[in-house]
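Heads up: the structure comes next, in structure tokens.
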Amino acid sequence: MGAMTASPGRRVLLAAPRGYCAGVDRAVIAVEKALEQYGAPVYVRHEIVHNKYVVQTLEKKGAVFVERTEEVPPGNIVMFSAHGVAPVVHEEAERGRLATIDATCPLVTKVHKEAVRFANDDYDILLIGHEGHEEVIGTSGEAPDHIQLVDGPEDVAKVEVRDPSKVVWLSQTTLSVDETMETVDALKDKFPQLISPPSDDICYATQNRQLAVKQMGAEADLVIVVGSRNSSNSKRLVEVAKQAGAREAYLVDFADEADEAWLEGVTTVGVTSGASVPDILVEQVLEWLSQRGFEDVEIVKAAEESITFSLPKELRRDLREEAASLVAERGGSGTAGA
């Protein structure tokens, strides 16, 4: 390396846990397994997980990402992403004569089931989350007449309900824990009888990654979060880092997006990654830092994670056969969207 040896006092704090959560791991493996078992193409509706590198890697293996179910030609296999889909999307797939694999994270499915249950009991459901996020669209679609979105504390003023004694809040699984509770508190002030979901909707991985960043941010001058711009949980990590006391925090997809200017006057750099990020991308950032004198890496451990989810059960069936018969039994190939 020559002149750029590790300088005294320069160190990297590496968050644990970071990166892949159980739901992402399951979804990515599901795409790989589907390609192995059924051959390409396997269509995926929306990005399987919100990460550029993962999507590009799977595209090279034969996954085809589409925005709309109607884009998939009849008689094919379509997979639903980890973020979940509204019931209407299952209907679209059926109309389009597609075999489906549902890679929705089980923790998202849990929120969908809560939504259905409270809607059946005729509650007004206040869904805390970010407008336009795939997960929010999917959950809202379970009970559109009962659900209204609350996008942060400032949204609370305009919320109206039919019966203040029958109100419940649910949330997107990838939000900032603190901001969500701030929104809940504001809702409780307005609706004192507001009830909470049976178990907190923000997932274990979101909470643990934020916890690690809080510990790290308090000591770090700079925090680099590896993750994509459209990844909600990754963006929250940047916010949490700043709130925890980091002078600066940045989101990068790849090490080559990091800027040397960020390191000026910095002795401690925190590094973490969002729940959809493979660790190879973090290793590249650590390498980038070590080339600039930050070779001393300490792990900041906030929690143990041992959760795993079994693969989608559809992978145990012959979906190519099923897809072909869907087309056959409706007479001919038909056209997509017919």
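Identifiers in the structure tokens: chain A, B, ... in order shown; residue index from 1 per chain; ligand index from 1 in order shown.
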
Q) Looking only at the backbone, which of the residues in stretch 9-252 of chain A does DSSP tag as strand (DSSP E), as a PyMOL selection string? A) chain A and resi 11-16+42-45+63-66+77-80+99-102+124-128+147-150+167-171+222-226+248-252

Per residue of stretch 161-240 of chain A within 10 Å of stretch 19-38 of chain A, note the shortest atom pair and the distance in Å to one decimal, counting only C-alpha atoms, and order the rows by chain and increasing residue number, as a tab-separated table.
```
residue	atom	partner	partner_atom	distance
A:Cys203	CA	A:Cys21	CA	9.6
A:Tyr204	CA	A:Cys21	CA	8.8
A:Ala205	CA	A:Cys21	CA	5.9
A:Thr206	CA	A:Cys21	CA	8.6
A:Arg209	CA	A:Gly19	CA	8.3
A:Val226	CA	A:Gly19	CA	8.5
A:Gly227	CA	A:Gly19	CA	8.8
A:Ser234	CA	A:Gly19	CA	9.5
```

Q: Would you please give, as a VMD selection string, all residues of stretch 65-231 of chain A that DSSP assigns to alpha helix (DSSP H) based on the backbone?
A: chain A and resid 87 to 95 106 to 120 134 to 140 177 to 190 204 to 217

Determine, for each residue of stretch 168-274 of chain A having at least one atom at most 8 Å from an atom of stretch 124-138 of chain A, the closest pair of atoms and their separation in Å to one decimal, counting only C-alpha atoms; order by chain and ascending number, as a tab-separated table.
```
residue	atom	partner	partner_atom	distance
A:Val168	CA	A:Ile125	CA	5.1
A:Trp169	CA	A:Leu126	CA	4.6
A:Leu170	CA	A:Leu127	CA	4.8
A:Ser171	CA	A:Ile128	CA	4.5
A:Gln172	CA	A:Gly129	CA	5.1
A:Leu175	CA	A:Gly129	CA	7.1
A:Thr180	CA	A:Ile128	CA	7.1
A:Thr183	CA	A:Ile128	CA	7.7
```

Expected file contents, prior selection, all heavy atoms, as a PDB file, in the first residue's frame:
```pdb
ATOM      1  N   VAL A 168     -57.673   0.906  14.843  1.00  0.00           N
ATOM      2  CA  VAL A 168     -56.442   0.159  15.114  1.00  0.00           C
ATOM      3  C   VAL A 168     -55.346   0.713  14.207  1.00  0.00           C
ATOM      4  O   VAL A 168     -55.634   1.219  13.120  1.00  0.00           O
ATOM      5  CB  VAL A 168     -56.649  -1.362  14.848  1.00  0.00           C
ATOM      6  CG1 VAL A 168     -57.004  -1.626  13.387  1.00  0.00           C
ATOM      7  CG2 VAL A 168     -55.426  -2.179  15.272  1.00  0.00           C
ATOM      8  N   TRP A 169     -54.089   0.654  14.667  1.00  0.00           N
ATOM      9  CA  TRP A 169     -52.984   1.021  13.769  1.00  0.00           C
ATOM     10  C   TRP A 169     -52.194  -0.226  13.391  1.00  0.00           C
ATOM     11  O   TRP A 169     -52.063  -1.163  14.166  1.00  0.00           O
ATOM     12  CB  TRP A 169     -52.063   2.075  14.385  1.00  0.00           C
ATOM     13  CG  TRP A 169     -51.232   1.636  15.563  1.00  0.00           C
ATOM     14  CD1 TRP A 169     -51.589   1.694  16.887  1.00  0.00           C
ATOM     15  CD2 TRP A 169     -49.898   1.080  15.527  1.00  0.00           C
ATOM     16  NE1 TRP A 169     -50.565   1.205  17.669  1.00  0.00           N
ATOM     17  CE2 TRP A 169     -49.526   0.822  16.869  1.00  0.00           C
ATOM     18  CE3 TRP A 169     -48.995   0.789  14.502  1.00  0.00           C
ATOM     19  CZ2 TRP A 169     -48.285   0.280  17.219  1.00  0.00           C
ATOM     20  CZ3 TRP A 169     -47.755   0.238  14.836  1.00  0.00           C
ATOM     21  CH2 TRP A 169     -47.409  -0.009  16.189  1.00  0.00           C
ATOM     22  N   LEU A 170     -51.707  -0.220  12.156  1.00  0.00           N
ATOM     23  CA  LEU A 170     -50.771  -1.235  11.662  1.00  0.00           C
ATOM     24  C   LEU A 170     -49.630  -0.469  11.014  1.00  0.00           C
ATOM     25  O   LEU A 170     -49.752   0.733  10.788  1.00  0.00           O
ATOM     26  CB  LEU A 170     -51.436  -2.147  10.624  1.00  0.00           C
ATOM     27  CG  LEU A 170     -52.669  -2.956  11.063  1.00  0.00           C
ATOM     28  CD1 LEU A 170     -53.258  -3.708   9.876  1.00  0.00           C
ATOM     29  CD2 LEU A 170     -52.304  -3.938  12.176  1.00  0.00           C
ATOM     30  N   SER A 171     -48.518  -1.160  10.676  1.00  0.00           N
ATOM     31  CA  SER A 171     -47.462  -0.412  10.003  1.00  0.00           C
ATOM     32  C   SER A 171     -46.709  -1.241   8.977  1.00  0.00           C
ATOM     33  O   SER A 171     -46.698  -2.472   9.023  1.00  0.00           O
ATOM     34  CB  SER A 171     -46.481   0.204  11.007  1.00  0.00           C
ATOM     35  OG  SER A 171     -45.448  -0.706  11.322  1.00  0.00           O
ATOM     36  N   GLN A 172     -46.098  -0.502   8.066  1.00  0.00           N
ATOM     37  CA  GLN A 172     -45.117  -1.080   7.143  1.00  0.00           C
ATOM     38  C   GLN A 172     -44.004  -1.695   7.996  1.00  0.00           C
ATOM     39  O   GLN A 172     -43.664  -1.154   9.052  1.00  0.00           O
ATOM     40  CB  GLN A 172     -44.600   0.067   6.275  1.00  0.00           C
ATOM     41  CG  GLN A 172     -43.680  -0.304   5.145  1.00  0.00           C
ATOM     42  CD  GLN A 172     -43.213   0.937   4.388  1.00  0.00           C
ATOM     43  OE1 GLN A 172     -43.935   1.922   4.299  1.00  0.00           O
ATOM     44  NE2 GLN A 172     -42.015   0.889   3.857  1.00  0.00           N
ATOM     45  N   LEU A 175     -40.067   0.519   8.675  1.00  0.00           N
ATOM     46  CA  LEU A 175     -39.977   1.929   9.076  1.00  0.00           C
ATOM     47  C   LEU A 175     -38.968   2.153  10.194  1.00  0.00           C
ATOM     48  O   LEU A 175     -38.470   1.219  10.797  1.00  0.00           O
ATOM     49  CB  LEU A 175     -41.348   2.399   9.573  1.00  0.00           C
ATOM     50  CG  LEU A 175     -42.491   2.326   8.559  1.00  0.00           C
ATOM     51  CD1 LEU A 175     -43.766   2.814   9.217  1.00  0.00           C
ATOM     52  CD2 LEU A 175     -42.177   3.150   7.324  1.00  0.00           C
ATOM     53  N   THR A 180     -42.112   5.803  13.965  1.00  0.00           N
ATOM     54  CA  THR A 180     -43.401   5.113  14.013  1.00  0.00           C
ATOM     55  C   THR A 180     -44.071   5.343  15.360  1.00  0.00           C
ATOM     56  O   THR A 180     -45.263   5.642  15.429  1.00  0.00           O
ATOM     57  CB  THR A 180     -43.214   3.604  13.745  1.00  0.00           C
ATOM     58  OG1 THR A 180     -42.580   3.461  12.481  1.00  0.00           O
ATOM     59  CG2 THR A 180     -44.552   2.885  13.707  1.00  0.00           C
ATOM     60  N   THR A 183     -45.563   8.713  15.563  1.00  0.00           N
ATOM     61  CA  THR A 183     -46.837   8.758  14.850  1.00  0.00           C
ATOM     62  C   THR A 183     -47.942   8.108  15.675  1.00  0.00           C
ATOM     63  O   THR A 183     -49.049   8.631  15.787  1.00  0.00           O
ATOM     64  CB  THR A 183     -46.708   8.041  13.477  1.00  0.00           C
ATOM     65  OG1 THR A 183     -45.615   8.615  12.760  1.00  0.00           O
ATOM     66  CG2 THR A 183     -47.985   8.204  12.655  1.00  0.00           C
TER      67      THR A 183
END
```

Q: Could you give me, as a PyMOL selection string, the residues within 8 Å of A:Phe294, counting only C-alpha atoms and dropping anything in the same chain fewer than 2 positions from it?
A: chain A and resi 6-7+10-12+289-292+296-297

Could you write out that same residue set with N, CA and C atoms as a CSV table (one decimal), in the first residue's frame?
```
chain,number,residue,atom,x,y,z
A,6,ALA,N,-2.3,2.2,7.9
A,6,ALA,CA,-3.4,2.5,8.9
A,6,ALA,C,-2.9,3.6,9.8
A,7,SER,N,-3.6,4.7,9.9
A,7,SER,CA,-3.2,5.8,10.7
A,7,SER,C,-3.8,5.6,12.1
A,10,ARG,N,-7.6,5.9,13.4
A,10,ARG,CA,-8.6,5.7,12.4
A,10,ARG,C,-9.2,4.3,12.5
A,11,ARG,N,-10.5,4.2,12.6
A,11,ARG,CA,-11.1,2.9,12.8
A,11,ARG,C,-12.5,2.8,12.1
A,12,VAL,N,-12.9,1.6,11.8
A,12,VAL,CA,-14.2,1.3,11.2
A,12,VAL,C,-15.0,0.6,12.3
A,289,LEU,N,-12.2,1.6,2.2
A,289,LEU,CA,-11.8,2.3,3.4
A,289,LEU,C,-10.4,1.9,3.8
A,290,SER,N,-10.1,0.6,3.7
A,290,SER,CA,-8.8,0.2,4.2
A,290,SER,C,-7.7,0.7,3.3
A,291,GLN,N,-8.0,0.9,2.0
A,291,GLN,CA,-7.0,1.5,1.1
A,291,GLN,C,-6.8,3.0,1.4
A,292,ARG,N,-7.7,3.6,2.2
A,292,ARG,CA,-7.5,5.0,2.6
A,292,ARG,C,-7.2,5.1,4.1
A,296,ASP,N,-8.5,-0.7,10.7
A,296,ASP,CA,-8.9,-1.3,12.0
A,296,ASP,C,-10.4,-1.4,12.1
A,297,VAL,N,-10.9,-2.7,12.0
A,297,VAL,CA,-12.4,-2.9,12.0
A,297,VAL,C,-12.8,-3.5,13.3
```

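Nearest to A:Gly217 of all the residues A:Ser273, A:Gln243, A:Gln56, A:Asn120 is A:Gln243, counting only C-alpha atoms.
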
Q) What lies within 9 Å of A:Ile48 using only C-alpha atoms, ignoring chain neighbours under 2 positions off, as a PyMOL selection string? A) chain A and resi 24+27-28+31+44-46+50-51+54-55+65+79-83+103

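Among A:Arg247, A:Arg68, A:Pro106, A:Asp163, the residue with the shortest atom-to-atom distance to A:Glu264, counting only C-alpha atoms, is A:Arg247.
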
(Q) At a cut-off of 12 Å, using only C-alpha atoms, what residues contact A:Pro192? Leave out same-chain residues fewer than 5 positions from it and give the result as a list of chain:residue names. (A) A:Asp163, A:Pro164, A:Ser165, A:Lys166, A:Val167, A:Val168, A:Val184, A:Asp185, A:Ala186, A:Leu187

Next, the residues of the selection above should be written as a CSV table (one decimal), in the first residue's frame with N, CA and C atoms.
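Dumped everything to result-v2.csv:
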```csv
chain,number,residue,atom,x,y,z
A,163,ASP,N,-65.8,5.6,13.7
A,163,ASP,CA,-66.1,5.4,15.1
A,163,ASP,C,-64.8,5.3,15.9
A,164,PRO,N,-64.5,6.4,16.7
A,164,PRO,CA,-63.2,6.5,17.4
A,164,PRO,C,-63.0,5.3,18.4
A,165,SER,N,-64.0,4.5,18.7
A,165,SER,CA,-63.8,3.4,19.6
A,165,SER,C,-63.5,2.1,18.8
A,166,LYS,N,-63.4,2.2,17.5
A,166,LYS,CA,-63.1,1.1,16.7
A,166,LYS,C,-62.0,1.4,15.7
A,167,VAL,N,-60.8,1.7,16.3
A,167,VAL,CA,-59.7,2.2,15.4
A,167,VAL,C,-58.4,1.4,15.8
A,168,VAL,N,-57.7,0.9,14.8
A,168,VAL,CA,-56.4,0.2,15.1
A,168,VAL,C,-55.3,0.7,14.2
A,184,VAL,N,-47.6,7.0,16.3
A,184,VAL,CA,-48.6,6.3,17.1
A,184,VAL,C,-49.0,7.2,18.3
A,185,ASP,N,-48.1,7.8,18.9
A,185,ASP,CA,-48.4,8.7,20.1
A,185,ASP,C,-49.3,9.8,19.6
A,186,ALA,N,-49.0,10.4,18.5
A,186,ALA,CA,-49.9,11.5,17.9
A,186,ALA,C,-51.3,10.9,17.6
A,187,LEU,N,-51.4,9.7,17.1
A,187,LEU,CA,-52.7,9.1,16.8
A,187,LEU,C,-53.4,8.8,18.1
```

Q | Shell around A:Val223 at 7 Å using only C-alpha atoms, local window under 4 positions removed, as a list in words | A | Gly217, Ala241, Ala246, Glu248, Ala249, Tyr250, Val269, Gly270 and Val271 of chain A

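The spacing separating atom CA of A:Ile299 from atom CA of A:Glu219 amounts to 12.7 Å.
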
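The shortest atom-to-atom distance to A:Gly84, with only C-alpha atoms taken into account, belongs to A:Thr109 out of A:Thr69, A:Thr109, A:Gln215, A:Asn208.
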
Q.
Residues within 9 Å of stretch 72-76 of chain A, please, as an MDAnalysis selection string. Count only C-alpha atoms; anything in the same chain fewer than 6 positions from it doesn't count.
A. chainID A and resid 41:43 45 66 93 95:100 319:320 322:328 333:337

Q: Using only C-alpha atoms, find the one residue out of A:Ala212, A:Cys105, A:Ala303, A:Val285 that sits nearest to A:Ile224.
A: A:Val285

Q: For atom CA of A:Ala302 and atom CA of A:Asn233, determine how far apart the two atoms are, in Å to one decimal place.
A: 16.8 Å

(Q) As an exercise, work out the distance from atom CA of A:Ser176 to atom CA of A:Ser232 in Å and give it to one decimal place. (A) 9.2 Å
